[in-house]
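> My structure is stored as structure-v1.cif, with mmCIF, C-alpha atoms.
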data_data
#
loop_
_atom_site.label_atom_id
_atom_site.label_comp_id
_atom_site.auth_asym_id
_atom_site.auth_seq_id
_atom_site.Cartn_x
_atom_site.Cartn_y
_atom_site.Cartn_z
CA MET A 1 -14.89 -49.98 85.23
CA LYS A 2 -12.03 -50.01 87.73
CA ARG A 3 -9.87 -51.88 85.22
CA VAL A 4 -10.58 -49.24 82.51
CA ILE A 5 -9.66 -46.35 84.85
CA THR A 6 -6.44 -48.09 85.90
CA LYS A 7 -5.48 -48.66 82.25
CA SER A 8 -6.20 -45.02 81.42
CA LEU A 9 -4.06 -43.84 84.33
CA LEU A 10 -1.16 -46.03 83.16
CA VAL A 11 -1.39 -44.58 79.64
CA LEU A 12 -1.48 -41.04 81.05
CA MET A 13 1.51 -41.66 83.33
CA SER A 14 3.48 -43.14 80.43
CA ALA A 15 2.76 -40.06 78.32
CA VAL A 16 3.91 -37.76 81.16
CA LEU A 17 7.12 -39.76 81.55
CA LEU A 18 7.82 -39.57 77.83
CA LEU A 19 7.31 -35.81 77.84
CA GLY A 20 9.60 -35.48 80.83
CA CYS A 21 12.33 -37.36 78.99
CA LYS A 22 12.11 -35.23 75.85
CA PRO A 23 15.42 -33.41 75.31
CA SER A 24 15.40 -29.64 75.79
CA GLU A 25 16.43 -27.31 72.97
CA GLY A 26 20.13 -27.48 73.72
CA GLU A 27 20.28 -31.20 74.45
CA LYS A 28 21.28 -33.86 71.96
CA GLY A 29 20.41 -37.49 72.27
CA ASP A 30 23.40 -39.06 70.50
CA THR A 31 26.62 -37.07 70.65
CA ALA A 32 28.57 -40.01 69.23
CA LYS A 33 27.40 -38.95 65.76
CA TYR A 34 28.25 -35.27 66.27
CA PRO A 35 28.61 -33.44 63.97
CA GLU A 36 26.01 -34.67 61.49
CA LYS A 37 26.02 -31.44 59.47
CA ASN A 38 28.24 -28.42 58.85
CA VAL A 39 29.45 -26.47 61.90
CA GLU A 40 29.39 -22.68 61.42
CA VAL A 41 32.28 -20.78 63.01
CA ILE A 42 31.44 -17.08 63.44
CA VAL A 43 34.25 -14.55 63.15
CA ALA A 44 33.07 -11.10 64.24
CA TYR A 45 35.57 -9.25 62.03
CA LYS A 46 36.45 -8.89 58.37
CA ALA A 47 38.44 -11.42 56.40
CA GLY A 48 42.16 -10.71 56.53
CA GLY A 49 42.31 -9.46 60.12
CA GLY A 50 44.16 -11.20 62.93
CA THR A 51 41.13 -13.11 64.22
CA ASP A 52 40.16 -14.28 60.74
CA ARG A 53 43.65 -15.43 59.84
CA GLY A 54 43.98 -17.40 63.06
CA ALA A 55 40.52 -18.93 62.61
CA ARG A 56 41.37 -20.10 59.10
CA ILE A 57 44.61 -21.71 60.24
CA LEU A 58 42.91 -23.63 63.05
CA MET A 59 39.90 -24.69 60.97
CA LYS A 60 42.07 -25.85 58.07
CA GLU A 61 44.22 -27.97 60.36
CA SER A 62 41.11 -29.30 62.15
CA ALA A 63 39.25 -30.39 59.02
CA SER A 64 40.43 -33.99 59.19
CA GLU A 65 39.18 -34.33 62.78
CA PHE A 66 35.54 -33.62 61.90
CA GLU A 67 33.14 -35.67 59.80
CA LYS A 68 31.53 -32.49 58.45
CA PRO A 69 33.01 -29.15 57.29
CA LEU A 70 33.86 -26.31 59.65
CA VAL A 71 32.54 -23.23 57.81
CA ILE A 72 33.90 -19.80 58.74
CA VAL A 73 31.25 -17.08 58.59
CA ASN A 74 32.52 -13.49 58.81
CA ARG A 75 30.03 -11.19 60.57
CA PRO A 76 31.83 -7.83 60.88
CA GLY A 77 30.07 -4.77 62.22
CA ALA A 78 29.93 -2.41 65.23
CA ASP A 79 33.46 -3.33 66.37
CA GLY A 80 32.54 -7.01 66.69
CA GLN A 81 29.15 -6.51 68.35
CA LEU A 82 27.21 -7.92 65.40
CA GLY A 83 29.09 -11.22 65.34
CA PHE A 84 29.17 -11.60 69.12
CA THR A 85 25.41 -11.07 69.23
CA GLU A 86 24.77 -13.68 66.54
CA LEU A 87 26.94 -16.19 68.39
CA SER A 88 25.21 -15.62 71.72
CA ARG A 89 21.72 -15.89 70.23
CA ALA A 90 22.39 -18.96 68.08
CA LYS A 91 20.66 -22.26 68.76
CA PRO A 92 22.75 -24.07 71.39
CA ASP A 93 23.06 -27.35 69.52
CA GLY A 94 26.78 -27.36 68.71
CA TYR A 95 26.32 -26.32 65.08
CA THR A 96 27.15 -22.66 65.68
CA ILE A 97 30.32 -21.73 67.54
CA GLY A 98 32.52 -18.69 67.18
CA PHE A 99 35.60 -16.75 68.14
CA ILE A 100 35.42 -14.23 70.94
CA ASN A 101 38.07 -11.57 71.35
CA LEU A 102 39.15 -10.38 74.77
CA PRO A 103 38.98 -7.74 76.03
CA ASN A 104 36.66 -6.62 73.17
CA TYR A 105 33.87 -9.08 73.94
CA VAL A 106 33.72 -7.97 77.58
CA SER A 107 34.45 -4.27 77.08
CA ILE A 108 31.67 -3.88 74.50
CA SER A 109 29.16 -5.53 76.81
CA LEU A 110 30.23 -3.19 79.62
CA THR A 111 30.07 0.03 77.61
CA ARG A 112 26.99 -0.55 75.44
CA LYS A 113 23.52 -1.98 75.66
CA THR A 114 24.07 -5.42 74.15
CA GLN A 115 22.31 -8.76 73.85
CA PHE A 116 25.37 -10.61 75.08
CA ASP A 117 27.71 -10.75 78.04
CA LYS A 118 30.12 -13.23 79.57
CA ASP A 119 27.25 -15.44 80.71
CA THR A 120 25.60 -15.84 77.29
CA ILE A 121 28.44 -18.03 76.04
CA ILE A 122 30.30 -21.16 77.15
CA PRO A 123 34.10 -21.01 76.71
CA ILE A 124 35.44 -23.94 74.71
CA ILE A 125 39.16 -23.27 74.34
CA ASN A 126 41.48 -20.28 74.06
CA TYR A 127 43.62 -20.29 70.95
CA VAL A 128 45.83 -17.21 70.82
CA TYR A 129 47.23 -14.53 73.08
CA ASP A 130 48.45 -11.73 70.83
CA GLN A 131 50.69 -9.10 72.45
CA GLY A 132 50.09 -5.42 71.83
CA VAL A 133 52.55 -3.13 70.02
CA PHE A 134 52.73 0.62 69.30
CA VAL A 135 53.37 1.10 65.58
CA VAL A 136 54.19 3.84 63.07
CA ARG A 137 55.14 3.75 59.39
CA ALA A 138 58.77 3.04 58.61
CA ASP A 139 59.07 6.49 56.98
CA SER A 140 57.72 8.20 60.12
CA LYS A 141 59.72 11.03 61.65
CA TRP A 142 59.58 9.20 64.99
CA ASN A 143 62.37 6.67 65.38
CA THR A 144 61.93 6.18 69.12
CA LEU A 145 59.11 6.24 71.66
CA GLU A 146 60.79 9.18 73.39
CA GLU A 147 60.55 11.27 70.21
CA PHE A 148 56.87 10.39 69.82
CA VAL A 149 56.02 11.30 73.43
CA ALA A 150 57.96 14.55 73.25
CA GLU A 151 56.03 15.73 70.18
CA ALA A 152 52.72 14.55 71.63
CA LYS A 153 53.35 16.77 74.65
CA GLU A 154 53.99 19.73 72.36
CA ARG A 155 50.92 19.01 70.19
CA PRO A 156 48.15 17.77 72.49
CA ASP A 157 45.17 16.07 70.80
CA GLN A 158 46.68 16.48 67.33
CA ILE A 159 48.50 13.18 66.74
CA THR A 160 46.07 10.57 65.40
CA VAL A 161 46.14 6.93 66.50
CA SER A 162 43.88 4.35 64.84
CA ASN A 163 42.29 1.50 66.76
CA ASN A 164 39.96 -1.45 66.15
CA GLY A 165 36.86 0.16 67.67
CA THR A 166 35.71 2.42 70.48
CA GLY A 167 36.24 0.60 73.76
CA ALA A 168 37.98 -2.29 71.99
CA SER A 169 41.32 -3.74 72.99
CA ASN A 170 43.62 -1.45 71.00
CA HIS A 171 41.69 1.64 72.05
CA ILE A 172 42.02 0.67 75.71
CA GLY A 173 45.74 -0.03 75.31
CA ALA A 174 46.37 3.30 73.56
CA ALA A 175 44.29 5.20 76.15
CA GLN A 176 46.16 3.58 79.04
CA PHE A 177 49.52 4.45 77.46
CA ALA A 178 48.43 8.06 76.85
CA SER A 179 47.26 8.35 80.45
CA ASP A 180 50.54 7.01 81.85
CA ALA A 181 52.61 9.19 79.51
CA GLU A 182 50.46 12.24 80.32
CA ILE A 183 49.80 12.98 76.66
CA GLU A 184 46.59 13.61 74.71
CA LEU A 185 46.11 11.60 71.53
CA LYS A 186 43.27 11.70 69.01
CA HIS A 187 41.86 8.16 68.91
CA ILE A 188 40.35 7.18 65.56
CA PRO A 189 38.15 4.03 65.71
CA PHE A 190 37.70 1.56 62.87
CA GLY A 191 35.58 -1.59 62.63
CA GLY A 192 38.49 -4.00 62.94
CA SER A 193 42.23 -4.42 62.62
CA SER A 194 42.35 -4.66 58.82
CA ASP A 195 40.79 -1.19 58.35
CA MET A 196 42.79 0.20 61.24
CA LEU A 197 46.04 -0.91 59.62
CA ALA A 198 44.94 0.25 56.17
CA ALA A 199 44.53 3.74 57.61
CA LEU A 200 48.09 3.71 58.93
CA ARG A 201 49.57 2.24 55.76
CA GLY A 202 47.73 4.85 53.69
CA ALA A 203 49.05 7.69 55.90
CA HIS A 204 45.53 8.63 57.04
CA VAL A 205 46.63 8.39 60.68
CA ASP A 206 49.98 8.90 62.40
CA ALA A 207 50.21 5.70 64.46
CA THR A 208 48.29 2.67 65.64
CA VAL A 209 48.15 0.17 68.45
CA ALA A 210 47.98 -3.35 67.03
CA LYS A 211 48.77 -6.97 67.86
CA ILE A 212 52.11 -8.42 66.90
CA SER A 213 50.65 -11.11 64.61
CA GLU A 214 48.83 -8.40 62.62
CA VAL A 215 51.94 -6.36 61.85
CA SER A 216 54.94 -8.70 62.03
CA SER A 217 55.08 -9.32 58.27
CA LEU A 218 54.76 -5.57 57.57
CA VAL A 219 57.58 -4.86 60.02
CA LYS A 220 59.79 -7.51 58.43
CA SER A 221 59.09 -6.10 54.96
CA GLY A 222 60.19 -2.65 56.12
CA GLU A 223 56.80 -0.95 55.76
CA LEU A 224 56.09 -0.42 59.47
CA ARG A 225 58.16 0.23 62.61
CA ILE A 226 57.38 -0.82 66.17
CA LEU A 227 58.26 1.84 68.74
CA ALA A 228 57.43 -0.28 71.80
CA SER A 229 55.59 -3.38 72.97
CA PHE A 230 52.92 -3.70 75.66
CA THR A 231 54.70 -6.71 77.21
CA GLU A 232 56.61 -7.69 80.35
CA ASP A 233 59.66 -8.75 78.33
CA ARG A 234 60.97 -7.90 74.88
CA LEU A 235 59.36 -9.84 72.04
CA ASP A 236 61.08 -12.92 70.65
CA GLY A 237 62.89 -12.08 67.43
CA LEU A 238 62.48 -8.34 68.03
CA ASP A 239 65.13 -7.76 70.67
CA GLU A 240 65.69 -4.20 69.49
CA VAL A 241 62.12 -3.19 70.36
CA PRO A 242 61.80 -1.85 73.94
CA THR A 243 58.81 -2.49 76.17
CA LEU A 244 56.66 0.34 77.43
CA LYS A 245 57.41 -0.86 80.93
CA GLU A 246 61.16 -0.34 80.59
CA LYS A 247 60.42 3.17 79.30
CA GLY A 248 58.53 3.95 82.47
CA TYR A 249 54.94 3.19 81.39
CA ASP A 250 53.51 0.21 83.25
CA VAL A 251 50.96 -0.79 80.61
CA ILE A 252 50.64 -4.46 79.67
CA PHE A 253 47.98 -5.59 77.22
CA GLY A 254 47.19 -8.04 74.48
CA SER A 255 44.26 -9.87 72.97
CA ALA A 256 43.08 -13.39 73.76
CA ARG A 257 41.15 -15.10 70.99
CA GLY A 258 39.34 -18.34 71.50
CA LEU A 259 36.29 -20.40 70.70
CA ALA A 260 32.97 -20.29 72.52
CA ALA A 261 29.49 -21.75 72.13
CA PRO A 262 26.08 -20.28 72.97
CA ALA A 263 25.01 -20.82 76.58
CA GLY A 264 22.95 -23.99 76.83
CA THR A 265 25.09 -26.05 74.47
CA PRO A 266 25.33 -29.59 75.91
CA GLN A 267 28.53 -30.13 77.88
CA GLU A 268 29.19 -33.36 75.96
CA ILE A 269 29.44 -31.39 72.72
CA VAL A 270 31.58 -28.68 74.31
CA ASP A 271 33.94 -31.41 75.53
CA ILE A 272 34.13 -32.98 72.06
CA LEU A 273 34.98 -29.63 70.50
CA HIS A 274 37.57 -28.83 73.16
CA ASP A 275 39.33 -32.18 72.84
CA LYS A 276 39.43 -32.11 69.05
CA PHE A 277 40.76 -28.54 68.86
CA LYS A 278 43.30 -29.13 71.64
CA GLY A 279 44.64 -32.15 69.79
CA VAL A 280 45.00 -30.12 66.60
CA MET A 281 46.70 -27.22 68.41
CA GLU A 282 49.33 -29.64 69.73
CA SER A 283 49.99 -31.29 66.35
CA PRO A 284 53.33 -30.59 64.58
CA GLU A 285 51.49 -29.54 61.41
CA HIS A 286 49.48 -26.89 63.23
CA ILE A 287 52.43 -25.66 65.27
CA LYS A 288 54.38 -25.07 62.06
CA ALA A 289 51.44 -23.35 60.32
CA ALA A 290 50.89 -21.05 63.29
CA LYS A 291 54.59 -20.23 63.57
CA ASP A 292 54.81 -19.43 59.85
CA ALA A 293 51.91 -16.99 60.31
CA ASN A 294 53.43 -15.43 63.47
CA MET A 295 50.37 -16.61 65.41
CA PRO A 296 51.21 -16.71 69.16
CA ILE A 297 49.34 -19.83 70.33
CA HIS A 298 48.27 -19.86 73.98
CA TYR A 299 46.11 -22.73 75.20
CA MET A 300 43.56 -22.35 77.98
CA GLY A 301 41.08 -25.08 78.83
CA GLN A 302 37.44 -24.48 79.71
CA SER A 303 37.86 -23.71 83.43
CA GLU A 304 40.98 -21.58 83.03
CA TYR A 305 39.38 -19.72 80.11
CA ARG A 306 36.25 -18.97 82.19
CA GLU A 307 38.39 -17.64 85.03
CA PHE A 308 40.33 -15.48 82.56
CA ILE A 309 37.08 -13.99 81.20
CA ASP A 310 35.81 -13.27 84.72
CA LYS A 311 39.08 -11.53 85.59
CA GLN A 312 38.94 -9.51 82.38
CA GLU A 313 35.51 -8.22 83.36
CA ALA A 314 36.62 -7.28 86.87
CA ASP A 315 39.76 -5.49 85.60
CA LEU A 316 37.92 -3.70 82.79
CA LYS A 317 35.26 -2.30 85.11
CA VAL A 318 38.06 -0.45 86.90
CA ALA A 319 40.10 0.52 83.78
CA LEU A 320 37.14 1.75 81.74
CA LYS A 321 35.97 3.95 84.59
CA LEU A 322 39.44 5.45 85.10
CA LEU A 323 39.77 6.15 81.37
CA GLY A 324 36.27 7.55 81.04
CA LEU A 325 35.31 4.90 78.49
CA ASN A 326 32.34 3.51 80.40
#
The structure in this file should be written as structure tokens.

Amino acid sequence: MKRVITKSLLVLMSAVLLLGCKPSEGEKGDTAKYPEKNVEVIVAYKAGGGTDRGARILMKESASEFEKPLVIVNRPGADGQLGFTELSRAKPDGYTIGFINLPNYVSISLTRKTQFDKDTIIPIINYVYDQGVFVVRADSKWNTLEEFVAEAKERPDQITVSNNGTGASNHIGAAQFASDAEIELKHIPFGGSSDMLAALRGAHVDATVAKISEVSSLVKSGELRILASFTEDRLDGLDEVPTLKEKGYDVIFGSARGLAAPAGTPQEIVDILHDKFKGVMESPEHIKAAKDANMPIHYMGQSEYREFIDKQEADLKVALKLLGLN
């Protein structure tokens, strides 16, 4: 009888040990074979916008590094909130990753009731830092920033400026500029940069705040004109464009775009993704493709990227309150 009880206890203990060793939802037993199926890459904005164009460049150049396809999935809606939510709620197994846009990702989570925040994702790698610019059509009556500000003072809340969403990066940049310049602008939100720029090009608004990669080709073609940049120094190749800072407005802003995974994704998989994408970003082929597309590449590794996100949140809590956007 004693022998039977002992045998039963051994079987029970073995079963408990096996259960204890069972991988959790986000764990993966053999990362050496990763990926074994397609990896979805969520872009929270429409095709053709700055985030989408950058994503397609990086994924195209990365294709040879992965055994399975990297599939871009556009999930536009609510200024990026729809795509960011889907990314944060995805199964943390390495088969769904996505681009997050800063400050949009953080500002939306601070100003709305959302199902995501900075802790629902794991930063993988930052890809781009796109500087902000203040833009009008080339046929605009404003040739200089001074002319624009002077008329804005005479016509408060009448000049329309499009942006990529309420509380999104371009809205914050435009609001900060207006506050420093002591002017009142009418901010018109759109669901992303492609619609925002379409409104300007179609003369439905008077001006816009955009990122340099989104408008550089339109500036070179003579369709748009940059009145000023939101940068410390003048932009490379656009020496004639003044900075807001040199005009007396200490407003610096841009947009960081990078890849993240849902919280809970195994660190081994995050490391694989980081190393593969970093290698591609440093390749001559990718550097040329990014340069041809006016894509300002700016690498940040996992730790630096996390620190950058944390600082964005701290800074935005102050800025949004001052601007009444919270």
> On this structure, which residues satisfy the PyMOL selection byres ((chain A and resi 81-91) around 7), written as a list of chain:residue names?
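With the PyMOL selection byres ((chain A and resi 81-91) around 7) on this model, the match is A:Ile42, A:Val43, A:Ala44, A:Arg75, A:Pro76, A:Gly77, A:Ala78, A:Asp79, A:Gly80, A:Pro92, A:Asp93, A:Thr96, A:Ile97, A:Gly98, A:Gln115, A:Phe116, A:Thr120, A:Ile121, A:Pro262.
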> Starting from the PyMOL selection byres ((chain A and resi 322-325) around 8), expand the selection into actual residues of this file and give them as a PyMOL selection string.
chain A and resi 111+167+175-176+179+318-321+326
> Restrict the selected residues to C-alpha atoms and save them as a short mmCIF file (atom, residue, chain, number, x, y, z; two decimals), in the frame of the given file.

data_model
loop_
_atom_site.label_atom_id
_atom_site.label_comp_id
_atom_site.auth_asym_id
_atom_site.auth_seq_id
_atom_site.Cartn_x
_atom_site.Cartn_y
_atom_site.Cartn_z
CA THR A 111 30.07 0.03 77.61
CA GLY A 167 36.24 0.60 73.76
CA ALA A 175 44.29 5.20 76.15
CA GLN A 176 46.16 3.58 79.04
CA SER A 179 47.26 8.35 80.45
CA VAL A 318 38.06 -0.45 86.90
CA ALA A 319 40.10 0.52 83.78
CA LEU A 320 37.14 1.75 81.74
CA LYS A 321 35.97 3.95 84.59
CA ASN A 326 32.34 3.51 80.40
#
> Pull out every residue that the PyMOL selection byres ((chain A and resi 170) around 12) matches in the shown coordinates and put them as a short mmCIF file (atom, residue, chain, number, x, y, z; two decimals) with C-alpha atoms, in the coordinates of the input.

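Here's the written file part.cif:
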data_model
loop_
_atom_site.label_atom_id
_atom_site.label_comp_id
_atom_site.auth_asym_id
_atom_site.auth_seq_id
_atom_site.Cartn_x
_atom_site.Cartn_y
_atom_site.Cartn_z
CA ASP A 79 33.46 -3.33 66.37
CA ASN A 101 38.07 -11.57 71.35
CA LEU A 102 39.15 -10.38 74.77
CA PRO A 103 38.98 -7.74 76.03
CA ASN A 104 36.66 -6.62 73.17
CA SER A 107 34.45 -4.27 77.08
CA ASP A 130 48.45 -11.73 70.83
CA GLN A 131 50.69 -9.10 72.45
CA GLY A 132 50.09 -5.42 71.83
CA VAL A 133 52.55 -3.13 70.02
CA PHE A 134 52.73 0.62 69.30
CA VAL A 135 53.37 1.10 65.58
CA VAL A 161 46.14 6.93 66.50
CA SER A 162 43.88 4.35 64.84
CA ASN A 163 42.29 1.50 66.76
CA ASN A 164 39.96 -1.45 66.15
CA GLY A 165 36.86 0.16 67.67
CA THR A 166 35.71 2.42 70.48
CA GLY A 167 36.24 0.60 73.76
CA ALA A 168 37.98 -2.29 71.99
CA SER A 169 41.32 -3.74 72.99
CA HIS A 171 41.69 1.64 72.05
CA ILE A 172 42.02 0.67 75.71
CA GLY A 173 45.74 -0.03 75.31
CA ALA A 174 46.37 3.30 73.56
CA ALA A 175 44.29 5.20 76.15
CA GLN A 176 46.16 3.58 79.04
CA PHE A 177 49.52 4.45 77.46
CA HIS A 187 41.86 8.16 68.91
CA ILE A 188 40.35 7.18 65.56
CA PRO A 189 38.15 4.03 65.71
CA PHE A 190 37.70 1.56 62.87
CA GLY A 191 35.58 -1.59 62.63
CA GLY A 192 38.49 -4.00 62.94
CA SER A 193 42.23 -4.42 62.62
CA MET A 196 42.79 0.20 61.24
CA LEU A 197 46.04 -0.91 59.62
CA ALA A 207 50.21 5.70 64.46
CA THR A 208 48.29 2.67 65.64
CA VAL A 209 48.15 0.17 68.45
CA ALA A 210 47.98 -3.35 67.03
CA LYS A 211 48.77 -6.97 67.86
CA ILE A 212 52.11 -8.42 66.90
CA PHE A 230 52.92 -3.70 75.66
CA ILE A 252 50.64 -4.46 79.67
CA PHE A 253 47.98 -5.59 77.22
CA GLY A 254 47.19 -8.04 74.48
CA SER A 255 44.26 -9.87 72.97
#
> Let me make sure I understand: among A:Gly54, A:Gly49, A:Gly279, A:Gly202, which one has the smallest atom-to-atom distance to Tyr129 in chain A if we use only C-alpha atoms?
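For Tyr129 in chain A, the nearest of the candidates is A:Gly54.
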> For the atom pair CA of Ile297 in chain A and CA of Leu58 in chain A, what is the interatomic distance in Å to one decimal place?
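For CA of Ile297 in chain A relative to CA of Leu58 in chain A, the distance reads 10.4 Å.
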> What is the CA of Ala199 in chain A to CA of Ser229 in chain A distance in Å?
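Interatomic distance here is 20.2 Å.
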> With only C-alpha atoms as the basis for distance, which of A:Arg56, A:Leu259, A:Ala314, A:Arg137 is at the shortest distance from Leu227 in chain A?
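Closest to Leu227 in chain A of all the choices is A:Arg137.
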> Please determine, counting all atoms listed in the file, which residue among A:Thr231, A:Ser213, A:Ser64, A:Gln302 has the shortest atom-to-atom distance to Gly258 in chain A.
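Using all atoms listed in the file, Gly258 in chain A sits closest to A:Gln302.
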> Would you mind telling me which residue in A:Leu200, A:Leu70, A:Ala55, A:Val205 lies nearest to Val39 in chain A when using only C-alpha atoms?
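Going through A:Leu200, A:Leu70, A:Ala55, A:Val205 one by one, the smallest distance to Val39 in chain A is for A:Leu70.
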> How would range 146-166 of chain A read, as a PDB file, in the frame of the given file, once N, CA and C atoms are built in?

ATOM      1  N   GLU A 146      60.519   7.889  72.747  1.00  0.00           N
ATOM      2  CA  GLU A 146      60.790   9.180  73.390  1.00  0.00           C
ATOM      3  C   GLU A 146      60.471  10.337  72.456  1.00  0.00           C
ATOM      4  N   GLU A 147      60.840  10.210  71.187  1.00  0.00           N
ATOM      5  CA  GLU A 147      60.550  11.270  70.210  1.00  0.00           C
ATOM      6  C   GLU A 147      59.043  11.439  70.034  1.00  0.00           C
ATOM      7  N   PHE A 148      58.327  10.330  69.987  1.00  0.00           N
ATOM      8  CA  PHE A 148      56.870  10.390  69.820  1.00  0.00           C
ATOM      9  C   PHE A 148      56.235  11.097  71.019  1.00  0.00           C
ATOM     10  N   VAL A 149      56.606  10.713  72.223  1.00  0.00           N
ATOM     11  CA  VAL A 149      56.020  11.300  73.430  1.00  0.00           C
ATOM     12  C   VAL A 149      56.334  12.786  73.519  1.00  0.00           C
ATOM     13  N   ALA A 150      57.559  13.137  73.174  1.00  0.00           N
ATOM     14  CA  ALA A 150      57.960  14.550  73.250  1.00  0.00           C
ATOM     15  C   ALA A 150      57.104  15.409  72.326  1.00  0.00           C
ATOM     16  N   GLU A 151      56.865  14.945  71.093  1.00  0.00           N
ATOM     17  CA  GLU A 151      56.030  15.730  70.180  1.00  0.00           C
ATOM     18  C   GLU A 151      54.568  15.738  70.610  1.00  0.00           C
ATOM     19  N   ALA A 152      54.102  14.619  71.157  1.00  0.00           N
ATOM     20  CA  ALA A 152      52.720  14.550  71.630  1.00  0.00           C
ATOM     21  C   ALA A 152      52.478  15.560  72.754  1.00  0.00           C
ATOM     22  N   LYS A 153      53.473  15.784  73.572  1.00  0.00           N
ATOM     23  CA  LYS A 153      53.350  16.770  74.650  1.00  0.00           C
ATOM     24  C   LYS A 153      53.278  18.193  74.085  1.00  0.00           C
ATOM     25  N   GLU A 154      53.989  18.410  72.989  1.00  0.00           N
ATOM     26  CA  GLU A 154      53.990  19.730  72.360  1.00  0.00           C
ATOM     27  C   GLU A 154      52.721  19.982  71.537  1.00  0.00           C
ATOM     28  N   ARG A 155      52.101  18.892  71.045  1.00  0.00           N
ATOM     29  CA  ARG A 155      50.920  19.010  70.190  1.00  0.00           C
ATOM     30  C   ARG A 155      49.767  18.163  70.736  1.00  0.00           C
ATOM     31  N   PRO A 156      49.208  18.577  71.873  1.00  0.00           N
ATOM     32  CA  PRO A 156      48.150  17.770  72.490  1.00  0.00           C
ATOM     33  C   PRO A 156      46.919  17.628  71.591  1.00  0.00           C
ATOM     34  N   ASP A 157      46.396  16.405  71.531  1.00  0.00           N
ATOM     35  CA  ASP A 157      45.170  16.070  70.800  1.00  0.00           C
ATOM     36  C   ASP A 157      45.285  16.322  69.291  1.00  0.00           C
ATOM     37  N   GLN A 158      46.500  16.275  68.774  1.00  0.00           N
ATOM     38  CA  GLN A 158      46.680  16.480  67.330  1.00  0.00           C
ATOM     39  C   GLN A 158      47.228  15.234  66.620  1.00  0.00           C
ATOM     40  N   ILE A 159      47.949  14.394  67.349  1.00  0.00           N
ATOM     41  CA  ILE A 159      48.500  13.180  66.740  1.00  0.00           C
ATOM     42  C   ILE A 159      47.411  12.100  66.735  1.00  0.00           C
ATOM     43  N   THR A 160      47.154  11.537  65.556  1.00  0.00           N
ATOM     44  CA  THR A 160      46.070  10.570  65.400  1.00  0.00           C
ATOM     45  C   THR A 160      46.575   9.129  65.545  1.00  0.00           C
ATOM     46  N   VAL A 161      45.800   8.330  66.270  1.00  0.00           N
ATOM     47  CA  VAL A 161      46.140   6.930  66.500  1.00  0.00           C
ATOM     48  C   VAL A 161      44.910   6.083  66.189  1.00  0.00           C
ATOM     49  N   SER A 162      45.030   5.195  65.209  1.00  0.00           N
ATOM     50  CA  SER A 162      43.880   4.350  64.840  1.00  0.00           C
ATOM     51  C   SER A 162      43.754   3.177  65.813  1.00  0.00           C
ATOM     52  N   ASN A 163      42.523   2.683  65.935  1.00  0.00           N
ATOM     53  CA  ASN A 163      42.290   1.500  66.760  1.00  0.00           C
ATOM     54  C   ASN A 163      41.185   0.653  66.132  1.00  0.00           C
ATOM     55  N   ASN A 164      40.921  -0.493  66.722  1.00  0.00           N
ATOM     56  CA  ASN A 164      39.960  -1.450  66.150  1.00  0.00           C
ATOM     57  C   ASN A 164      38.542  -1.275  66.659  1.00  0.00           C
ATOM     58  N   GLY A 165      38.228  -0.115  67.242  1.00  0.00           N
ATOM     59  CA  GLY A 165      36.860   0.160  67.670  1.00  0.00           C
ATOM     60  C   GLY A 165      36.828   0.852  69.019  1.00  0.00           C
ATOM     61  N   THR A 166      35.858   1.710  69.210  1.00  0.00           N
ATOM     62  CA  THR A 166      35.710   2.420  70.480  1.00  0.00           C
ATOM     63  C   THR A 166      35.494   1.427  71.615  1.00  0.00           C
TER      64      THR A 166
END
